[in-house]
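What follows is protein_2.cif (mmCIF, C-alpha atoms and all ligand atoms).
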data_data
loop_
_atom_site.label_atom_id
_atom_site.label_comp_id
_atom_site.auth_asym_id
_atom_site.auth_seq_id
_atom_site.Cartn_x
_atom_site.Cartn_y
_atom_site.Cartn_z
CA MET A 1 -217.21 41.52 -8.29
CA ILE A 2 -217.07 38.15 -6.58
CA GLU A 3 -214.10 37.57 -4.43
CA THR A 4 -213.99 34.55 -2.17
CA ILE A 5 -211.40 34.11 0.53
CA THR A 6 -211.13 30.88 2.50
CA ILE A 7 -208.94 30.70 5.56
CA ASN A 8 -208.41 27.42 7.41
CA ASP A 9 -207.63 26.80 11.08
CA VAL A 10 -208.20 30.34 12.17
CA SER A 11 -207.59 31.75 15.63
CA VAL A 12 -209.95 34.64 16.25
CA TYR A 13 -208.82 37.55 18.39
CA SER A 14 -210.00 40.92 19.31
CA GLY A 15 -206.82 42.59 20.43
CA TYR A 16 -205.99 41.16 23.85
CA SER A 17 -209.03 38.93 23.89
CA TYR A 18 -208.93 35.48 22.37
CA ILE A 19 -212.40 34.74 21.03
CA GLY A 20 -211.99 31.20 19.75
CA TYR A 21 -210.90 28.93 16.97
CA CYS A 22 -212.61 27.94 13.73
CA LYS A 23 -211.95 25.23 11.17
CA GLU A 24 -212.79 27.35 8.18
CA PHE A 25 -213.69 30.94 7.54
CA VAL A 26 -215.16 31.86 4.16
CA TRP A 27 -215.65 35.41 2.93
CA ASN A 28 -217.66 36.38 -0.14
CA LEU A 29 -217.39 39.91 -1.40
CA LYS A 30 -220.76 41.01 -2.79
CA THR A 31 -220.56 44.72 -3.47
CA LYS A 32 -218.12 47.55 -2.92
CA GLN A 33 -219.85 48.11 0.41
CA GLY A 34 -219.13 44.64 1.71
CA GLY A 35 -219.93 40.97 1.70
CA ASP A 36 -220.87 38.07 3.89
CA PHE A 37 -219.03 35.37 5.69
CA ILE A 38 -219.38 31.99 7.41
CA PHE A 39 -217.48 30.78 10.44
CA LYS A 40 -217.53 26.98 10.08
CA GLY A 41 -216.81 24.89 13.15
CA LEU A 42 -216.30 27.80 15.50
CA VAL A 43 -215.41 26.89 19.06
CA CYS A 44 -215.56 29.93 21.32
CA GLU A 45 -213.55 30.43 24.47
CA TYR A 46 -216.54 31.93 26.29
CA ASP A 47 -219.76 32.71 24.54
CA PHE A 48 -219.93 33.72 20.90
CA GLU A 49 -222.00 36.78 21.92
CA GLU A 50 -218.76 38.32 23.15
CA MET A 51 -217.70 38.56 19.56
CA MET A 52 -220.57 40.88 18.92
CA LEU A 53 -219.18 43.44 21.33
CA ARG A 54 -216.60 44.25 18.74
CA LYS A 55 -216.58 46.08 15.45
CA ASP A 56 -213.52 44.38 13.97
CA LEU A 57 -211.85 41.03 14.53
CA LEU A 58 -208.30 39.84 14.00
CA LEU A 59 -208.08 36.44 12.27
CA ARG A 60 -204.79 34.62 12.44
CA THR A 61 -203.68 31.61 10.39
CA PRO A 62 -201.27 28.89 11.59
CA ASP A 63 -198.60 30.62 9.42
CA ASN A 64 -199.14 33.83 11.41
CA ILE A 65 -200.81 35.73 8.60
CA GLU A 66 -203.28 38.17 10.08
CA TYR A 67 -206.49 39.53 8.62
CA ILE A 68 -208.80 42.19 9.89
CA LEU A 69 -212.52 41.62 9.46
CA GLU A 70 -213.99 45.09 9.50
CA ASP A 71 -217.40 46.30 10.69
CA PHE A 72 -218.96 42.89 10.98
CA ILE A 73 -222.43 41.86 12.14
CA ILE A 74 -223.50 38.32 12.98
CA THR A 75 -226.75 37.67 11.14
CA ASP A 76 -227.59 34.00 11.77
CA VAL A 77 -226.75 31.98 14.85
CA SER A 78 -229.26 29.18 14.33
CA GLN A 79 -226.43 26.70 13.75
CA ILE A 80 -223.53 27.46 16.01
CA GLY A 81 -221.23 25.41 13.77
CA ARG A 82 -222.11 27.70 10.85
CA LEU A 83 -222.21 31.23 12.10
CA LEU A 84 -223.26 33.64 9.36
CA GLY A 85 -222.65 37.35 9.13
CA SER A 86 -221.89 40.30 6.95
CA GLY A 87 -219.13 42.86 7.06
CA LYS A 88 -217.44 45.75 5.31
CA SER A 89 -214.24 44.02 4.27
CA ILE A 90 -211.55 41.54 5.09
CA LYS A 91 -208.01 42.74 4.61
CA LYS A 92 -204.57 41.48 5.35
CA LEU A 93 -203.14 43.38 8.25
CA GLU A 94 -200.42 44.93 6.10
CA SER A 95 -202.90 46.60 3.79
CA SER A 96 -205.24 47.69 6.52
CA PHE A 97 -205.36 50.30 9.30
CA LEU A 98 -202.32 52.41 10.04
CA ALA A 99 -204.30 55.55 9.78
CA VAL A 100 -202.47 58.23 11.72
CA LYS A 101 -203.82 60.84 14.06
CA THR A 102 -201.99 63.70 12.48
CA PHE A 103 -202.49 65.36 9.13
CA ILE A 104 -199.08 64.84 7.62
CA GLU A 105 -199.28 65.49 3.90
CA ASP A 106 -195.74 66.07 2.63
CA GLU A 107 -194.35 66.51 6.12
CA LYS A 108 -191.47 64.84 7.84
CA ILE A 109 -192.82 62.18 10.20
CA VAL A 110 -191.14 60.12 12.88
CA LEU A 111 -192.25 56.55 12.37
CA SER A 112 -192.44 54.66 9.11
CA LYS A 113 -195.53 52.58 8.36
CA GLU A 114 -193.37 49.46 8.20
CA THR A 115 -192.07 49.99 11.72
CA GLN A 116 -195.52 50.67 13.09
CA LEU A 117 -196.81 47.51 11.47
CA GLU A 118 -193.91 45.45 12.81
CA ALA A 119 -194.46 46.86 16.27
CA PHE A 120 -198.17 46.05 16.09
CA LYS A 121 -197.35 42.52 15.00
CA ALA A 122 -194.82 42.06 17.79
CA VAL A 123 -197.49 42.79 20.40
CA SER A 124 -199.99 40.58 18.59
CA ASP A 125 -197.41 37.74 18.54
CA VAL A 126 -196.86 38.07 22.28
CA VAL A 127 -200.61 37.81 22.88
CA HIS A 128 -200.75 34.73 20.68
CA GLN A 129 -197.80 33.15 22.50
CA VAL A 130 -199.37 33.76 25.91
CA LYS A 131 -202.66 32.32 24.74
CA ASN A 132 -200.89 29.18 23.62
CA ASP A 133 -198.84 28.94 26.82
CA ALA A 134 -195.65 29.39 24.84
CA VAL A 135 -192.64 31.16 26.31
CA ILE A 136 -192.74 34.77 25.19
CA ASN A 137 -189.92 35.69 22.93
CA GLY A 138 -189.01 39.13 24.21
CA GLU A 139 -186.17 39.31 21.69
CA GLN A 140 -188.65 39.94 18.90
CA THR A 141 -190.13 42.91 20.74
CA ARG A 142 -186.64 44.20 21.49
CA ALA A 143 -185.68 43.97 17.82
CA VAL A 144 -188.66 46.11 16.83
CA THR A 145 -187.95 48.64 19.54
CA ARG A 146 -184.39 49.02 18.23
CA THR A 147 -185.88 50.22 14.95
CA LEU A 148 -188.33 52.48 16.78
CA VAL A 149 -185.46 54.02 18.75
CA ASP A 150 -183.43 54.61 15.58
CA GLU A 151 -186.32 56.35 13.87
CA VAL A 152 -187.09 58.59 16.83
CA LEU A 153 -183.41 59.53 17.25
CA GLN A 154 -182.99 60.26 13.56
CA ALA A 155 -185.82 62.76 13.41
CA PRO A 156 -186.24 64.27 16.87
CA ASP A 157 -188.14 67.32 15.61
CA ALA A 158 -190.42 65.58 13.16
CA ILE A 159 -194.17 65.20 13.60
CA MET A 160 -195.08 62.25 15.78
CA ASN A 161 -197.43 60.28 13.58
CA LEU A 162 -199.32 58.32 16.18
CA MET A 163 -201.53 55.57 14.89
CA ASP A 164 -205.25 55.95 14.88
CA ILE A 165 -207.78 53.17 15.03
CA LYS A 166 -210.13 54.11 12.27
CA SER A 167 -210.31 50.64 10.83
CA PHE A 168 -209.25 48.40 13.68
CA ASP A 169 -211.29 49.13 16.70
CA ASP A 170 -209.33 47.29 19.30
CA TYR A 171 -207.49 50.14 20.80
CA THR A 172 -204.99 48.16 22.74
CA PHE A 173 -202.39 47.23 20.11
CA THR A 174 -202.16 50.56 18.39
CA HIS A 175 -202.21 52.18 21.80
CA ASN A 176 -199.14 50.17 22.86
CA VAL A 177 -197.17 51.28 19.83
CA ASN A 178 -198.18 54.90 20.41
CA VAL A 179 -197.24 54.77 24.08
CA ALA A 180 -193.81 53.40 23.14
CA ALA A 181 -193.34 56.18 20.57
CA ILE A 182 -194.38 58.97 22.95
CA ALA A 183 -192.24 57.50 25.74
CA LEU A 184 -189.24 57.41 23.40
CA SER A 185 -189.77 61.01 22.51
CA ILE A 186 -189.78 61.94 26.21
CA GLY A 187 -186.86 59.60 27.01
CA SER A 188 -184.66 60.95 24.24
CA SER A 189 -185.30 64.52 25.41
CA MET A 190 -184.24 63.43 28.91
CA GLY A 191 -180.94 62.21 27.50
CA LEU A 192 -181.40 58.46 28.01
CA THR A 193 -178.87 56.26 26.24
CA LYS A 194 -179.81 54.07 23.30
CA ASP A 195 -179.83 50.94 25.48
CA GLU A 196 -182.02 52.65 28.05
CA LEU A 197 -184.40 53.84 25.35
CA GLU A 198 -184.71 50.26 24.08
CA GLU A 199 -185.58 48.98 27.54
CA LEU A 200 -188.06 51.81 27.98
CA ALA A 201 -189.79 51.18 24.64
CA THR A 202 -189.91 47.41 25.17
CA GLY A 203 -191.60 47.87 28.54
CA CYS A 204 -194.06 50.37 27.07
CA MET A 205 -194.97 48.13 24.13
CA LEU A 206 -195.88 45.33 26.55
CA HIS A 207 -197.22 47.43 29.42
CA ASP A 208 -200.84 46.27 29.11
CA VAL A 209 -200.17 42.65 28.25
CA GLY A 210 -201.89 41.57 31.48
CA LYS A 211 -205.20 42.51 29.88
CA ILE A 212 -205.12 39.08 28.25
CA LYS A 213 -206.34 37.78 31.60
CA ILE A 214 -209.28 40.19 31.81
CA PRO A 215 -212.64 39.14 30.29
CA ILE A 216 -213.50 40.95 27.09
CA ASP A 217 -216.87 42.23 28.34
CA LEU A 218 -215.18 43.87 31.31
CA LEU A 219 -212.51 45.51 29.11
CA ASN A 220 -215.27 47.02 27.00
CA LYS A 221 -217.80 47.80 29.65
CA GLU A 222 -219.42 51.19 29.32
CA GLY A 223 -220.72 52.91 32.41
CA SER A 224 -219.78 52.35 36.00
CA LEU A 225 -218.07 49.25 37.34
CA SER A 226 -218.90 47.37 40.52
CA ASP A 227 -216.24 47.12 43.24
CA ASP A 228 -215.43 43.56 42.21
CA GLU A 229 -215.09 44.59 38.57
CA PHE A 230 -212.71 47.38 39.55
CA VAL A 231 -210.57 44.94 41.47
CA GLU A 232 -210.50 42.56 38.53
CA LEU A 233 -209.63 45.26 35.98
CA ARG A 234 -206.93 46.59 38.28
CA SER A 235 -205.28 43.19 38.42
CA HIS A 236 -203.89 43.58 34.88
CA PRO A 237 -200.53 45.12 35.94
CA ARG A 238 -199.82 42.15 38.23
CA HIS A 239 -200.92 39.66 35.54
CA GLY A 240 -198.73 41.49 33.01
CA TYR A 241 -195.67 41.29 35.23
CA ASP A 242 -196.28 37.58 35.95
CA ILE A 243 -196.51 36.91 32.21
CA LEU A 244 -193.32 38.84 31.42
CA VAL A 245 -191.33 37.17 34.20
CA LYS A 246 -191.72 33.93 32.27
CA SER A 247 -190.41 35.47 29.07
CA ARG A 248 -187.00 35.29 27.43
CA GLY A 249 -184.93 38.31 26.55
CA LEU A 250 -186.59 41.02 28.65
CA SER A 251 -184.90 43.01 31.39
CA GLU A 252 -186.45 43.45 34.82
CA GLU A 253 -186.63 47.20 34.14
CA SER A 254 -188.85 46.53 31.12
CA ARG A 255 -191.06 44.11 33.08
CA LEU A 256 -191.57 46.58 35.89
CA VAL A 257 -193.27 48.96 33.44
CA ALA A 258 -196.11 46.43 33.15
CA LEU A 259 -196.35 46.23 36.95
CA GLN A 260 -196.09 49.93 37.75
CA HIS A 261 -197.65 51.90 34.90
CA HIS A 262 -200.79 52.66 36.96
CA GLU A 263 -198.86 53.79 40.02
CA ARG A 264 -199.20 57.54 40.54
CA PHE A 265 -196.54 59.98 41.72
CA GLN A 266 -198.35 60.92 44.96
CA GLY A 267 -199.13 57.34 45.91
CA THR A 268 -202.71 57.19 44.68
CA GLY A 269 -202.20 54.51 42.02
CA TYR A 270 -202.24 50.73 41.99
CA PRO A 271 -201.32 47.94 42.62
CA ALA A 272 -198.88 48.92 45.39
CA LYS A 273 -199.58 52.65 46.00
CA LEU A 274 -195.90 53.40 45.37
CA ARG A 275 -194.79 57.03 45.55
CA GLY A 276 -192.33 59.25 43.71
CA THR A 277 -189.10 57.54 42.81
CA GLU A 278 -190.25 54.26 44.36
CA ILE A 279 -191.84 53.99 40.91
CA THR A 280 -189.20 53.25 38.28
CA LEU A 281 -188.28 55.99 35.81
CA TYR A 282 -189.56 53.99 32.84
CA SER A 283 -192.90 53.40 34.56
CA ARG A 284 -193.23 57.12 35.35
CA ILE A 285 -192.58 57.97 31.70
CA CYS A 286 -195.00 55.26 30.54
CA SER A 287 -197.82 56.61 32.71
CA VAL A 288 -197.62 60.06 31.08
CA ALA A 289 -197.53 58.55 27.58
CA ASP A 290 -200.34 56.11 28.42
CA VAL A 291 -202.74 58.76 29.66
CA TYR A 292 -201.93 61.20 26.84
CA ASP A 293 -202.57 58.64 24.10
CA ALA A 294 -205.71 57.33 25.82
CA LEU A 295 -207.16 60.85 26.04
CA THR A 296 -206.43 61.62 22.39
CA THR A 297 -208.00 58.38 21.12
CA ASP A 298 -211.69 57.67 20.50
CA ARG A 299 -212.99 55.14 23.01
CA PRO A 300 -216.31 53.27 22.95
CA TYR A 301 -217.62 55.62 25.65
CA ARG A 302 -216.20 58.99 24.56
CA LEU A 303 -214.67 60.83 21.64
CA ALA A 304 -211.00 61.68 21.42
CA MET A 305 -209.81 64.93 22.96
CA SER A 306 -207.61 67.33 21.06
CA PRO A 307 -203.90 67.26 22.03
CA TYR A 308 -204.42 70.74 23.51
CA ASP A 309 -207.19 69.57 25.88
CA ALA A 310 -205.30 66.38 26.73
CA ILE A 311 -202.22 68.36 27.77
CA LYS A 312 -204.42 70.64 29.90
CA ILE A 313 -205.78 67.55 31.70
CA LEU A 314 -202.30 66.13 32.24
CA THR A 315 -200.97 69.36 33.67
CA SER A 316 -203.99 69.80 35.93
CA GLY A 317 -202.93 66.62 37.71
CA VAL A 318 -199.35 67.80 38.04
CA ASP A 319 -199.17 67.53 41.81
CA ARG A 320 -201.07 64.34 42.15
CA HIS A 321 -200.41 61.97 39.30
CA PHE A 322 -197.25 62.48 37.34
CA ASP A 323 -193.59 63.14 37.91
CA PRO A 324 -193.39 66.93 37.42
CA ASP A 325 -189.93 66.72 35.81
CA ILE A 326 -191.16 64.22 33.21
CA LEU A 327 -194.27 66.27 32.62
CA THR A 328 -192.15 69.37 32.00
CA VAL A 329 -190.08 67.51 29.40
CA PHE A 330 -193.25 66.15 27.81
CA ILE A 331 -194.91 69.56 27.57
CA ARG A 332 -191.79 71.13 26.12
CA LYS A 333 -191.69 68.37 23.54
CA PHE A 334 -195.37 68.08 22.73
CA SER A 335 -196.14 71.63 23.74
CA LEU A 336 -199.58 73.15 23.95
CA TYR A 337 -199.70 72.94 20.18
CA PRO A 338 -197.96 69.67 19.31
CA ALA A 339 -196.40 69.20 15.89
CA GLY A 340 -199.13 67.84 13.65
CA SER A 341 -201.99 69.72 15.30
CA PHE A 342 -204.00 72.55 13.73
CA VAL A 343 -204.26 76.11 14.94
CA ARG A 344 -206.28 79.20 14.08
CA LEU A 345 -204.30 82.42 13.72
CA ASN A 346 -205.49 85.92 14.58
CA ASP A 347 -206.10 86.74 10.89
CA ALA A 348 -208.55 83.76 10.68
CA SER A 349 -206.13 81.59 8.70
CA ILE A 350 -205.66 77.92 9.61
CA ALA A 351 -202.20 76.40 9.96
CA LEU A 352 -200.50 73.08 10.69
CA VAL A 353 -197.90 73.09 13.46
CA LEU A 354 -194.60 71.81 12.06
CA ARG A 355 -192.29 72.14 15.03
CA ASN A 356 -192.00 73.98 18.30
CA ASN A 357 -189.74 76.81 19.29
CA PRO A 358 -188.11 75.73 22.54
CA GLU A 359 -187.98 79.33 23.74
CA SER A 360 -191.66 80.01 23.14
CA VAL A 361 -194.21 77.24 23.47
CA ILE A 362 -197.03 79.43 22.19
CA ARG A 363 -195.17 80.48 19.01
CA PRO A 364 -194.32 77.38 16.96
CA VAL A 365 -193.30 77.14 13.31
CA VAL A 366 -196.41 76.54 11.21
CA LYS A 367 -197.43 75.88 7.62
CA LEU A 368 -200.46 77.72 6.29
CA ILE A 369 -203.28 75.39 5.22
CA LYS A 370 -206.03 77.95 4.56
CA ASP A 371 -205.62 81.70 4.18
CA SER A 372 -207.68 84.33 6.01
CA SER A 373 -210.51 84.04 3.47
CA GLY A 374 -210.71 80.28 3.94
CA GLN A 375 -209.04 79.41 0.63
CA LYS A 376 -206.66 76.48 0.43
CA CYS A 377 -203.03 77.62 0.24
CA SER A 378 -201.61 76.07 -2.89
CA GLU A 379 -198.04 77.18 -2.21
CA ARG A 380 -196.02 76.05 0.76
CA ILE A 381 -195.88 78.95 3.19
CA GLU A 382 -193.96 78.33 6.41
CA ILE A 383 -194.15 80.90 9.18
CA ASN A 384 -192.02 81.04 12.28
CA LEU A 385 -194.47 82.65 14.70
CA ALA A 386 -191.61 83.53 17.07
CA GLU A 387 -190.32 85.93 14.40
CA SER A 388 -193.62 87.08 13.00
CA LYS A 389 -194.84 89.44 15.70
CA GLY A 390 -198.11 90.44 14.03
CA LEU A 391 -199.36 86.88 13.78
CA TYR A 392 -200.23 84.69 16.71
CA ILE A 393 -202.33 81.68 17.62
CA VAL A 394 -205.83 82.38 18.90
CA GLY A 395 -206.83 78.77 19.41
CA GLN A 396 -206.73 75.25 18.20
CA ALA A 397 -208.54 74.29 14.99
CA SER A 398 -210.29 71.00 14.35
CA PHE A 399 -209.47 68.58 11.57
CA ALA A 400 -212.83 69.50 9.97
CA GLU A 401 -211.85 73.18 9.84
CA ALA A 402 -208.45 72.40 8.38
CA LYS A 403 -209.68 69.93 5.78
CA THR A 404 -209.19 71.18 2.25
CA PHE A 405 -210.90 68.38 0.34
FE FE B 501 -202.92 49.54 31.90
#
Represent the structure contained in this file as structure tokens.
Ligand SMILES: [Fe+2]
Amino acid sequence: MIETITINDVSVYSGYSYIGYCKEFVWNLKTKQGGDFIFKGLVCEYDFEEMMLRKDLLLRTPDNIEYILEDFIITDVSQIGRLLGSGKSIKKLESSFLAVKTFIEDEKIVLSKETQLEAFKAVSDVVHQVKNDAVINGEQTRAVTRTLVDEVLQAPDAIMNLMDIKSFDDYTFTHNVNVAAIALSIGSSMGLTKDELEELATGCMLHDVGKIKIPIDLLNKEGSLSDDEFVELRSHPRHGYDILVKSRGLSEESRLVALQHHERFQGTGYPAKLRGTEITLYSRICSVADVYDALTTDRPYRLAMSPYDAIKILTSGVDRHFDPDILTVFIRKFSLYPAGSFVRLNDASIALVLRNNPESVIRPVVKLIKDSSGQKCSERIEINLAESKGLYIVGQASFAEAKTF
């Protein structure tokens, strides 16, 4: 099992952070568990140690083909021009990641893998363009968001299959795509037009682009930040807006999402401490989607929360942080038990939530996964809990409890 891959003239990224450039990267697969690699002629932007903060790297060729180097460790730094290491795998972006947060076997889902991949690539292209001082082509992002909008509008009640980051640990790109998807779901429920939804999704996809200007070690810092570090981290909305102003094909409404997504409804946010409707509608929607996806995603410093707990946190800040009207729409849409989450019923069976009943947020339509004795249900049994008075939800169930394999 020897598989050698050589990639020339590679730009090395870790999400928003540009690590450096190398003349040649060579990968040798040794066993099923992994292989080793050499970075030849690596020139790092800062210090190569910053690479080691990461689990996965994104390698990009001059033809814009992207690879993900998974679970890597640098093993020999004695010659900086020949950095050696080992890793789990190297895969082309298309064949990698795209794990989803929801358990969606045989179920109708909102976003196709192709669209998610295209959206991911659009953000990655923007980062690459900024790094190379090129004018950002906002048209490309807009084209992807048109597809996103179409898919969300076609299946408004389907399970939102948000991307997970099991194999690509830089949260930022997948997070952007998720935020756009959640925002679209909220926006379509609020009756926004197709053009408005496109502007909303474009802004959300690029909302964190200012993080390119923030050092990688600060983006990943665990533990508390100094006052100066806080100030620097909080400069990313302003940097993002400045970057997008120089771009082609983006509306001002989309750009303002980058500037205002950390503003909070009661004026406690940054950078300008705007209040209420001083914050644009798209930015108010983006802030709900941003916090929800961040809470339900594993971060270096904490594990992901369940959708149920995340919604409880969002609603607890109802008076302080978020536009209550948007939050109401969001909760109705994502509910306490969002489509795609697991629940335990009063007879000890485990079910997957398929869709919500607008008239009763605690009684969705579910599909049984395990019966009351813990056996996998081999037949498809759908139950509308609004009509089945004897059965009700007693709590959320974890993925581990619902797993049947
Ligand atoms: Fe942000």
Mind listing the residues within 8 Å of ligand FE 501 (chain B), all atoms listed in the file counted, as a PDB file with C-alpha atoms, in the frame of the given file?
ATOM      1  CA  HIS A 207    -197.220  47.430  29.420  1.00  0.00           C
ATOM      2  CA  ASP A 208    -200.840  46.270  29.110  1.00  0.00           C
ATOM      3  CA  LYS A 211    -205.200  42.510  29.880  1.00  0.00           C
ATOM      4  CA  HIS A 236    -203.890  43.580  34.880  1.00  0.00           C
ATOM      5  CA  PRO A 237    -200.530  45.120  35.940  1.00  0.00           C
ATOM      6  CA  ALA A 258    -196.110  46.430  33.150  1.00  0.00           C
ATOM      7  CA  HIS A 261    -197.650  51.900  34.900  1.00  0.00           C
ATOM      8  CA  HIS A 262    -200.790  52.660  36.960  1.00  0.00           C
ATOM      9  CA  ASP A 290    -200.340  56.110  28.420  1.00  0.00           C
TER      10      ASP A 290
END
- prompt: What is the distance, in Å and to one decimal place, between CA of Lys92 (chain A) and CA of Leu59 (chain A)?
  reply: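 According to the coordinates, CA of Lys92 (chain A) and CA of Leu59 (chain A) are separated by 9.3 Å.
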field: Among the residues A:Ser283, A:Asn8, A:Asn384, A:Ser254, the one that comes closest to Leu354 (chain A) [using all atoms listed in the file]
entry: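 Looking at the shortest contact to Leu354 (chain A), the residue is A:Asn384.
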field: One-decimal distance in Å that lies between CA of Asp293 (chain A) and CA of Gly203 (chain A)
entry: 16.0 Å
message: Set the distance at 8 Å and use all atoms listed in the file: which residues neighbour Gly210 (chain A) once local chain neighbours fewer than 4 positions away are removed? I'd like the list as number ranges by chain.
response: A: 214, 235-241, 243, 258
task: Give the answer as one residue: which of A:Ser316, A:Ser360, A:Gln116, A:Gln260 has the shortest atom-to-atom distance to Ala386 (chain A), using only C-alpha atoms?
output: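 Residue with the minimum atom-to-atom distance to Ala386 (chain A): A:Ser360.
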Residues of region 295-360 of chain A that have any atom at most 9 Å from an atom of region 391-403 of chain A: could you tabulate them with the shortest-distance atom pair and the distance in Å to one decimal, using all atoms listed in the file, ordered by chain and increasing number, as JSON lines?
{"residue": "A:Ser306", "atom": "CA", "partner": "A:Ser398", "partner_atom": "CA", "distance": 8.1}
{"residue": "A:Tyr308", "atom": "CA", "partner": "A:Gln396", "partner_atom": "CA", "distance": 7.3}
{"residue": "A:Tyr337", "atom": "CA", "partner": "A:Gln396", "partner_atom": "CA", "distance": 7.7}
{"residue": "A:Ser341", "atom": "CA", "partner": "A:Gln396", "partner_atom": "CA", "distance": 7.8}
{"residue": "A:Phe342", "atom": "CA", "partner": "A:Ala397", "partner_atom": "CA", "distance": 5.0}
{"residue": "A:Val343", "atom": "CA", "partner": "A:Gln396", "partner_atom": "CA", "distance": 4.2}
{"residue": "A:Arg344", "atom": "CA", "partner": "A:Gly395", "partner_atom": "CA", "distance": 5.4}
{"residue": "A:Leu345", "atom": "CA", "partner": "A:Ile393", "partner_atom": "CA", "distance": 4.4}
{"residue": "A:Asn346", "atom": "CA", "partner": "A:Val394", "partner_atom": "CA", "distance": 5.6}
{"residue": "A:Asp347", "atom": "CA", "partner": "A:Leu391", "partner_atom": "CA", "distance": 7.3}
{"residue": "A:Ala348", "atom": "CA", "partner": "A:Val394", "partner_atom": "CA", "distance": 8.8}
{"residue": "A:Ile350", "atom": "CA", "partner": "A:Ala402", "partner_atom": "CA", "distance": 6.3}
{"residue": "A:Ala351", "atom": "CA", "partner": "A:Ala402", "partner_atom": "CA", "distance": 7.6}
{"residue": "A:Leu352", "atom": "CA", "partner": "A:Ala402", "partner_atom": "CA", "distance": 8.3}
